[in-house]
Amino acid sequence: PKTGEPVGIDRGWGYLPGDTVADTVSQMAAKTLQWDYTLAKAYMQGVPEGVRDTLARAYRDLPSVADATRRYAARVLDGKTEGLAQYHTLGLLTSEDARRVAGLKKLDVSGYDYALDRDAVGHVRIEHGEDAVEVRRGQRAVTAADYRRLPAILNAPDAVEDAGASRIGTPLVRFVKKFGAEEYVAVFGVRRGRRMLGLQ
């Protein structure tokens, strides 16, 4: 049925409810965390352009988003993927994020979101999930709890760097951020077909 809103958006969700951006983000997060990935991303892209950056950053600042990211990774690491969505959004890139990636990779990523998926979490477990191996590298194994840092890493990285390309040619971007004595490094791949920067 016609709702008067953009395609896929329910009546009442095509405008900014609440008196402040914080109210809006809280309401949006409560809804989108329960939505299918595709619908959540479409809603975020449908937010008026003038406030999209503020909403994207505020979304990643929400404790519920950090916790949902941890829980998503934990389910993959525990092998409990039945009914788990293939993708989990970390919100849209801001216009500044898109400019930064364009400067590094010469690619237009406007309207893309940051995301992780079940395969990427599994890949990280294989490559960086064994304590004995990571100790030899001067690191520690990645745990589910580490994934809750991703929104903060993306919102306020200490460095954003060109990380070359994957074995299959996916352009890679490296985000670096220190929390106390630990330095986190997260590499995202520019997936043009899906219009996302996916955790690599």
# chains A, B, ... in the order shown; residues from 1 in each chain; ligands from 1

call {"tool": "residues_around", "arguments": {"residues": "Arg118 in chain A", "least_positions_apart": "3", "cutoff": "8 Å", "atoms": "only C-alpha atoms", "output": "list in words"}}
result
Ala73, Val76, Gln86, Tyr87, Val121 and Gly122 of chain A

call {"tool": "closest_atom_pairs", "arguments": {"of": "range 67-100 of chain A", "to": "range 172-181 of chain A", "cutoff": "12 Å", "atoms": "only C-alpha atoms", "output": "tab-separated table"}}
result
residue	atom	partner	partner_atom	distance
A:Asp97	CA	A:Val173	CA	11.2
A:Ala98	CA	A:Val173	CA	11.6
A:Arg100	CA	A:Val173	CA	10.0

call {"tool": "closest_residue", "arguments": {"among": "A:Val124, A:Thr94, A:Thr89, A:Asp113", "to": "Val142 in chain A", "atoms": "only C-alpha atoms"}}
result
A:Val124

call {"tool": "closest_atom_pairs", "arguments": {"of": "range 107-133 of chain A", "to": "range 24-44 of chain A", "cutoff": "12 Å", "atoms": "only C-alpha atoms", "output": "Markdown table"}}
result
| residue | atom | partner | partner_atom | distance |
| --- | --- | --- | --- | --- |
| A:Gly111 | CA | A:Met44 | CA | 9.2 |
| A:Tyr112 | CA | A:Lys41 | CA | 8.9 |
| A:Asp113 | CA | A:Lys41 | CA | 7.4 |
| A:Tyr114 | CA | A:Lys41 | CA | 10.0 |
| A:Ala115 | CA | A:Tyr37 | CA | 9.5 |
| A:Leu116 | CA | A:Tyr37 | CA | 10.8 |
| A:Asp117 | CA | A:Tyr37 | CA | 10.5 |

call {"tool": "residues_around", "arguments": {"residues": "range 53-55 of chain A", "least_positions_apart": "3", "cutoff": "9 Å", "atoms": "only C-alpha atoms", "output": "PyMOL selection string"}}
result
chain A and resi 21-22+24-25+44+47+49-50+58-60+91-96

call {"tool": "atom_distance", "arguments": {"atom1": "CA of Ala156 in chain A", "atom2": "CA of Ala68 in chain A"}}
result
19.1 Å

call {"tool": "residues_around", "arguments": {"residues": "Asp61 in chain A", "least_positions_apart": "3", "cutoff": "9 Å", "atoms": "only C-alpha atoms", "output": "list in words"}}
result
Ala56, Arg57, Ala58, Ser64, Val65, Ala66, Pro151, Ala152 and Asn155 of chain A

call {"tool": "residues_around", "arguments": {"residues": "Arg70 in chain A", "least_positions_apart": "3", "cutoff": "7 Å", "atoms": "only C-alpha atoms", "output": "PyMOL selection string"}}
result
chain A and resi 66-67+73-74+144-145+147-148

call {"tool": "write_last_selection", "arguments": {"atoms": "C-alpha atoms", "output": "mmCIF file, in the first residue's frame"}}
result
data_model
loop_
_atom_site.group_PDB
_atom_site.id
_atom_site.type_symbol
_atom_site.label_atom_id
_atom_site.label_comp_id
_atom_site.auth_asym_id
_atom_site.auth_seq_id
_atom_site.Cartn_x
_atom_site.Cartn_y
_atom_site.Cartn_z
ATOM 1 C CA ALA A 66 28.120 -1.394 19.946
ATOM 2 C CA ASP A 67 26.410 -4.188 21.886
ATOM 3 C CA ALA A 73 30.049 -11.450 16.158
ATOM 4 C CA ALA A 74 29.518 -13.696 19.197
ATOM 5 C CA ALA A 144 33.685 -11.087 20.353
ATOM 6 C CA ALA A 145 34.086 -8.252 22.854
ATOM 7 C CA TYR A 147 33.795 -6.080 17.877
ATOM 8 C CA ARG A 148 31.936 -3.637 20.108
#

call {"tool": "select_by_dssp", "arguments": {"residues": "range 95-185 of chain A", "states": "alpha helix (DSSP H)", "output": "PyMOL selection string"}}
result
chain A and resi 95-105+118-128+131-136+144-147+150-155

call {"tool": "write_last_selection", "arguments": {"atoms": "C-alpha atoms", "output": "mmCIF file, in the first residue's frame"}}
result
data_model
loop_
_atom_site.group_PDB
_atom_site.id
_atom_site.type_symbol
_atom_site.label_atom_id
_atom_site.label_comp_id
_atom_site.auth_asym_id
_atom_site.auth_seq_id
_atom_site.Cartn_x
_atom_site.Cartn_y
_atom_site.Cartn_z
ATOM 1 C CA SER A 95 30.397 12.811 3.784
ATOM 2 C CA GLU A 96 33.837 13.334 5.381
ATOM 3 C CA ASP A 97 34.391 9.557 5.479
ATOM 4 C CA ALA A 98 33.466 9.341 1.798
ATOM 5 C CA ARG A 99 35.877 12.192 0.932
ATOM 6 C CA ARG A 100 38.665 10.496 2.874
ATOM 7 C CA VAL A 101 38.154 7.161 1.097
ATOM 8 C CA ALA A 102 37.924 8.941 -2.258
ATOM 9 C CA GLY A 103 41.265 10.620 -1.518
ATOM 10 C CA LEU A 104 42.887 7.282 -0.744
ATOM 11 C CA LYS A 105 41.259 5.030 -3.336
ATOM 12 C CA ARG A 118 29.211 -13.687 8.822
ATOM 13 C CA ASP A 119 31.996 -14.674 6.418
ATOM 14 C CA ALA A 120 34.227 -11.785 7.512
ATOM 15 C CA VAL A 121 33.806 -12.616 11.204
ATOM 16 C CA GLY A 122 34.666 -16.231 10.398
ATOM 17 C CA HIS A 123 37.715 -15.102 8.416
ATOM 18 C CA VAL A 124 38.946 -12.952 11.312
ATOM 19 C CA ARG A 125 38.563 -15.948 13.648
ATOM 20 C CA ILE A 126 40.672 -18.123 11.335
ATOM 21 C CA GLU A 127 43.358 -15.475 10.766
ATOM 22 C CA HIS A 128 43.467 -13.837 14.223
ATOM 23 C CA ASP A 131 46.100 -16.974 21.185
ATOM 24 C CA ALA A 132 49.263 -18.999 20.556
ATOM 25 C CA VAL A 133 49.612 -17.673 16.998
ATOM 26 C CA GLU A 134 48.815 -14.074 17.910
ATOM 27 C CA VAL A 135 51.309 -14.011 20.810
ATOM 28 C CA ARG A 136 54.071 -14.838 18.334
ATOM 29 C CA ALA A 144 33.685 -11.087 20.353
ATOM 30 C CA ALA A 145 34.086 -8.252 22.854
ATOM 31 C CA ASP A 146 36.512 -6.509 20.491
ATOM 32 C CA TYR A 147 33.795 -6.080 17.877
ATOM 33 C CA LEU A 150 34.149 -1.026 15.742
ATOM 34 C CA PRO A 151 31.625 1.849 15.856
ATOM 35 C CA ALA A 152 34.028 3.953 17.952
ATOM 36 C CA ILE A 153 36.957 3.108 15.677
ATOM 37 C CA LEU A 154 34.972 4.252 12.643
ATOM 38 C CA ASN A 155 33.685 7.435 14.290
#

call {"tool": "decode", "arguments": {"residues": "range 52-97 of chain A", "atoms": "N, CA and C atoms", "output": "PDB file, in the first residue's frame"}}
result
ATOM      1  N   ARG A  52      22.029  13.748   7.679  1.00  0.00           N
ATOM      2  CA  ARG A  52      22.481  12.359   7.540  1.00  0.00           C
ATOM      3  C   ARG A  52      23.810  12.106   8.250  1.00  0.00           C
ATOM      4  N   ASP A  53      24.762  13.041   8.113  1.00  0.00           N
ATOM      5  CA  ASP A  53      26.072  12.856   8.747  1.00  0.00           C
ATOM      6  C   ASP A  53      25.943  12.804  10.268  1.00  0.00           C
ATOM      7  N   THR A  54      25.159  13.731  10.811  1.00  0.00           N
ATOM      8  CA  THR A  54      24.977  13.770  12.258  1.00  0.00           C
ATOM      9  C   THR A  54      24.342  12.483  12.755  1.00  0.00           C
ATOM     10  N   LEU A  55      23.355  12.004  12.021  1.00  0.00           N
ATOM     11  CA  LEU A  55      22.681  10.764  12.404  1.00  0.00           C
ATOM     12  C   LEU A  55      23.620   9.563  12.294  1.00  0.00           C
ATOM     13  N   ALA A  56      24.437   9.540  11.245  1.00  0.00           N
ATOM     14  CA  ALA A  56      25.355   8.412  11.053  1.00  0.00           C
ATOM     15  C   ALA A  56      26.333   8.314  12.220  1.00  0.00           C
ATOM     16  N   ARG A  57      26.894   9.458  12.599  1.00  0.00           N
ATOM     17  CA  ARG A  57      27.857   9.452  13.705  1.00  0.00           C
ATOM     18  C   ARG A  57      27.169   9.129  15.031  1.00  0.00           C
ATOM     19  N   ALA A  58      26.008   9.741  15.254  1.00  0.00           N
ATOM     20  CA  ALA A  58      25.296   9.511  16.506  1.00  0.00           C
ATOM     21  C   ALA A  58      24.827   8.059  16.616  1.00  0.00           C
ATOM     22  N   TYR A  59      24.446   7.478  15.504  1.00  0.00           N
ATOM     23  CA  TYR A  59      24.045   6.061  15.479  1.00  0.00           C
ATOM     24  C   TYR A  59      25.178   5.182  15.998  1.00  0.00           C
ATOM     25  N   ARG A  60      26.399   5.433  15.491  1.00  0.00           N
ATOM     26  CA  ARG A  60      27.549   4.619  15.922  1.00  0.00           C
ATOM     27  C   ARG A  60      27.944   4.908  17.364  1.00  0.00           C
ATOM     28  N   ASP A  61      27.526   6.044  17.897  1.00  0.00           N
ATOM     29  CA  ASP A  61      27.820   6.371  19.297  1.00  0.00           C
ATOM     30  C   ASP A  61      26.896   5.653  20.280  1.00  0.00           C
ATOM     31  N   LEU A  62      25.807   5.098  19.796  1.00  0.00           N
ATOM     32  CA  LEU A  62      24.846   4.457  20.691  1.00  0.00           C
ATOM     33  C   LEU A  62      25.409   3.174  21.306  1.00  0.00           C
ATOM     34  N   PRO A  63      25.345   3.005  22.621  1.00  0.00           N
ATOM     35  CA  PRO A  63      25.793   1.755  23.249  1.00  0.00           C
ATOM     36  C   PRO A  63      25.070   0.533  22.691  1.00  0.00           C
ATOM     37  N   SER A  64      23.796   0.702  22.307  1.00  0.00           N
ATOM     38  CA  SER A  64      23.038  -0.432  21.773  1.00  0.00           C
ATOM     39  C   SER A  64      23.605  -0.914  20.440  1.00  0.00           C
ATOM     40  N   VAL A  65      24.171  -0.012  19.650  1.00  0.00           N
ATOM     41  CA  VAL A  65      24.780  -0.410  18.380  1.00  0.00           C
ATOM     42  C   VAL A  65      26.076  -1.176  18.638  1.00  0.00           C
ATOM     43  N   ALA A  66      26.885  -0.682  19.582  1.00  0.00           N
ATOM     44  CA  ALA A  66      28.120  -1.394  19.946  1.00  0.00           C
ATOM     45  C   ALA A  66      27.787  -2.789  20.471  1.00  0.00           C
ATOM     46  N   ASP A  67      26.761  -2.887  21.315  1.00  0.00           N
ATOM     47  CA  ASP A  67      26.410  -4.188  21.886  1.00  0.00           C
ATOM     48  C   ASP A  67      25.826  -5.120  20.831  1.00  0.00           C
ATOM     49  N   ALA A  68      25.024  -4.586  19.919  1.00  0.00           N
ATOM     50  CA  ALA A  68      24.472  -5.418  18.849  1.00  0.00           C
ATOM     51  C   ALA A  68      25.588  -5.955  17.958  1.00  0.00           C
ATOM     52  N   THR A  69      26.618  -5.152  17.734  1.00  0.00           N
ATOM     53  CA  THR A  69      27.763  -5.592  16.926  1.00  0.00           C
ATOM     54  C   THR A  69      28.509  -6.711  17.628  1.00  0.00           C
ATOM     55  N   ARG A  70      28.710  -6.572  18.942  1.00  0.00           N
ATOM     56  CA  ARG A  70      29.353  -7.640  19.722  1.00  0.00           C
ATOM     57  C   ARG A  70      28.529  -8.927  19.671  1.00  0.00           C
ATOM     58  N   ARG A  71      27.211  -8.796  19.853  1.00  0.00           N
ATOM     59  CA  ARG A  71      26.352  -9.976  19.864  1.00  0.00           C
ATOM     60  C   ARG A  71      26.321 -10.666  18.501  1.00  0.00           C
ATOM     61  N   TYR A  72      26.343  -9.878  17.427  1.00  0.00           N
ATOM     62  CA  TYR A  72      26.371 -10.452  16.085  1.00  0.00           C
ATOM     63  C   TYR A  72      27.634 -11.298  15.913  1.00  0.00           C
ATOM     64  N   ALA A  73      28.781 -10.720  16.280  1.00  0.00           N
ATOM     65  CA  ALA A  73      30.049 -11.450  16.158  1.00  0.00           C
ATOM     66  C   ALA A  73      30.056 -12.691  17.052  1.00  0.00           C
ATOM     67  N   ALA A  74      29.524 -12.563  18.265  1.00  0.00           N
ATOM     68  CA  ALA A  74      29.518 -13.696  19.197  1.00  0.00           C
ATOM     69  C   ALA A  74      28.731 -14.868  18.634  1.00  0.00           C
ATOM     70  N   ARG A  75      27.607 -14.579  17.990  1.00  0.00           N
ATOM     71  CA  ARG A  75      26.813 -15.663  17.415  1.00  0.00           C
ATOM     72  C   ARG A  75      27.578 -16.385  16.307  1.00  0.00           C
ATOM     73  N   VAL A  76      28.285 -15.624  15.494  1.00  0.00           N
ATOM     74  CA  VAL A  76      29.087 -16.258  14.440  1.00  0.00           C
ATOM     75  C   VAL A  76      30.200 -17.094  15.062  1.00  0.00           C
ATOM     76  N   LEU A  77      30.912 -16.525  16.032  1.00  0.00           N
ATOM     77  CA  LEU A  77      32.032 -17.227  16.661  1.00  0.00           C
ATOM     78  C   LEU A  77      31.570 -18.469  17.414  1.00  0.00           C
ATOM     79  N   ASP A  78      30.336 -18.444  17.929  1.00  0.00           N
ATOM     80  CA  ASP A  78      29.786 -19.603  18.635  1.00  0.00           C
ATOM     81  C   ASP A  78      29.103 -20.591  17.699  1.00  0.00           C
ATOM     82  N   GLY A  79      29.073 -20.267  16.403  1.00  0.00           N
ATOM     83  CA  GLY A  79      28.442 -21.161  15.434  1.00  0.00           C
ATOM     84  C   GLY A  79      26.928 -21.133  15.469  1.00  0.00           C
ATOM     85  N   LYS A  80      26.347 -20.085  16.045  1.00  0.00           N
ATOM     86  CA  LYS A  80      24.888 -19.980  16.172  1.00  0.00           C
ATOM     87  C   LYS A  80      24.347 -19.021  15.107  1.00  0.00           C
ATOM     88  N   THR A  81      24.494 -19.422  13.850  1.00  0.00           N
ATOM     89  CA  THR A  81      24.143 -18.508  12.762  1.00  0.00           C
ATOM     90  C   THR A  81      22.760 -18.757  12.176  1.00  0.00           C
ATOM     91  N   GLU A  82      22.039 -19.748  12.658  1.00  0.00           N
ATOM     92  CA  GLU A  82      20.699 -19.997  12.121  1.00  0.00           C
ATOM     93  C   GLU A  82      19.809 -18.777  12.384  1.00  0.00           C
ATOM     94  N   GLY A  83      19.234 -18.243  11.315  1.00  0.00           N
ATOM     95  CA  GLY A  83      18.384 -17.060  11.429  1.00  0.00           C
ATOM     96  C   GLY A  83      19.146 -15.751  11.542  1.00  0.00           C
ATOM     97  N   LEU A  84      20.467 -15.812  11.529  1.00  0.00           N
ATOM     98  CA  LEU A  84      21.274 -14.595  11.631  1.00  0.00           C
ATOM     99  C   LEU A  84      21.440 -13.981  10.251  1.00  0.00           C
ATOM    100  N   ALA A  85      21.199 -12.672  10.139  1.00  0.00           N
ATOM    101  CA  ALA A  85      21.335 -11.987   8.857  1.00  0.00           C
ATOM    102  C   ALA A  85      22.766 -12.101   8.333  1.00  0.00           C
ATOM    103  N   GLN A  86      22.897 -12.135   7.019  1.00  0.00           N
ATOM    104  CA  GLN A  86      24.229 -12.214   6.421  1.00  0.00           C
ATOM    105  C   GLN A  86      25.051 -10.959   6.727  1.00  0.00           C
ATOM    106  N   TYR A  87      24.371  -9.789   6.778  1.00  0.00           N
ATOM    107  CA  TYR A  87      25.068  -8.526   6.975  1.00  0.00           C
ATOM    108  C   TYR A  87      24.544  -7.790   8.204  1.00  0.00           C
ATOM    109  N   HIS A  88      25.438  -7.037   8.833  1.00  0.00           N
ATOM    110  CA  HIS A  88      25.087  -6.209   9.995  1.00  0.00           C
ATOM    111  C   HIS A  88      25.643  -4.819   9.736  1.00  0.00           C
ATOM    112  N   THR A  89      24.770  -3.812   9.680  1.00  0.00           N
ATOM    113  CA  THR A  89      25.231  -2.460   9.354  1.00  0.00           C
ATOM    114  C   THR A  89      25.785  -1.737  10.573  1.00  0.00           C
ATOM    115  N   LEU A  90      26.811  -0.945  10.324  1.00  0.00           N
ATOM    116  CA  LEU A  90      27.385  -0.047  11.324  1.00  0.00           C
ATOM    117  C   LEU A  90      27.071   1.399  10.967  1.00  0.00           C
ATOM    118  N   GLY A  91      26.092   1.590  10.108  1.00  0.00           N
ATOM    119  CA  GLY A  91      25.678   2.931   9.727  1.00  0.00           C
ATOM    120  C   GLY A  91      26.387   3.452   8.490  1.00  0.00           C
ATOM    121  N   LEU A  92      25.841   4.512   7.939  1.00  0.00           N
ATOM    122  CA  LEU A  92      26.391   5.092   6.717  1.00  0.00           C
ATOM    123  C   LEU A  92      27.726   5.791   6.950  1.00  0.00           C
ATOM    124  N   LEU A  93      28.534   5.856   5.910  1.00  0.00           N
ATOM    125  CA  LEU A  93      29.710   6.725   5.942  1.00  0.00           C
ATOM    126  C   LEU A  93      29.218   8.163   5.973  1.00  0.00           C
ATOM    127  N   THR A  94      29.904   9.011   6.700  1.00  0.00           N
ATOM    128  CA  THR A  94      29.608  10.437   6.631  1.00  0.00           C
ATOM    129  C   THR A  94      30.199  10.980   5.338  1.00  0.00           C
ATOM    130  N   SER A  95      29.832  12.210   4.994  1.00  0.00           N
ATOM    131  CA  SER A  95      30.397  12.811   3.784  1.00  0.00           C
ATOM    132  C   SER A  95      31.913  12.969   3.927  1.00  0.00           C
ATOM    133  N   GLU A  96      32.393  13.230   5.147  1.00  0.00           N
ATOM    134  CA  GLU A  96      33.837  13.334   5.381  1.00  0.00           C
ATOM    135  C   GLU A  96      34.508  11.971   5.197  1.00  0.00           C
ATOM    136  N   ASP A  97      33.863  10.917   5.685  1.00  0.00           N
ATOM    137  CA  ASP A  97      34.391   9.557   5.479  1.00  0.00           C
ATOM    138  C   ASP A  97      34.517   9.272   3.987  1.00  0.00           C
TER     139      ASP A  97
END
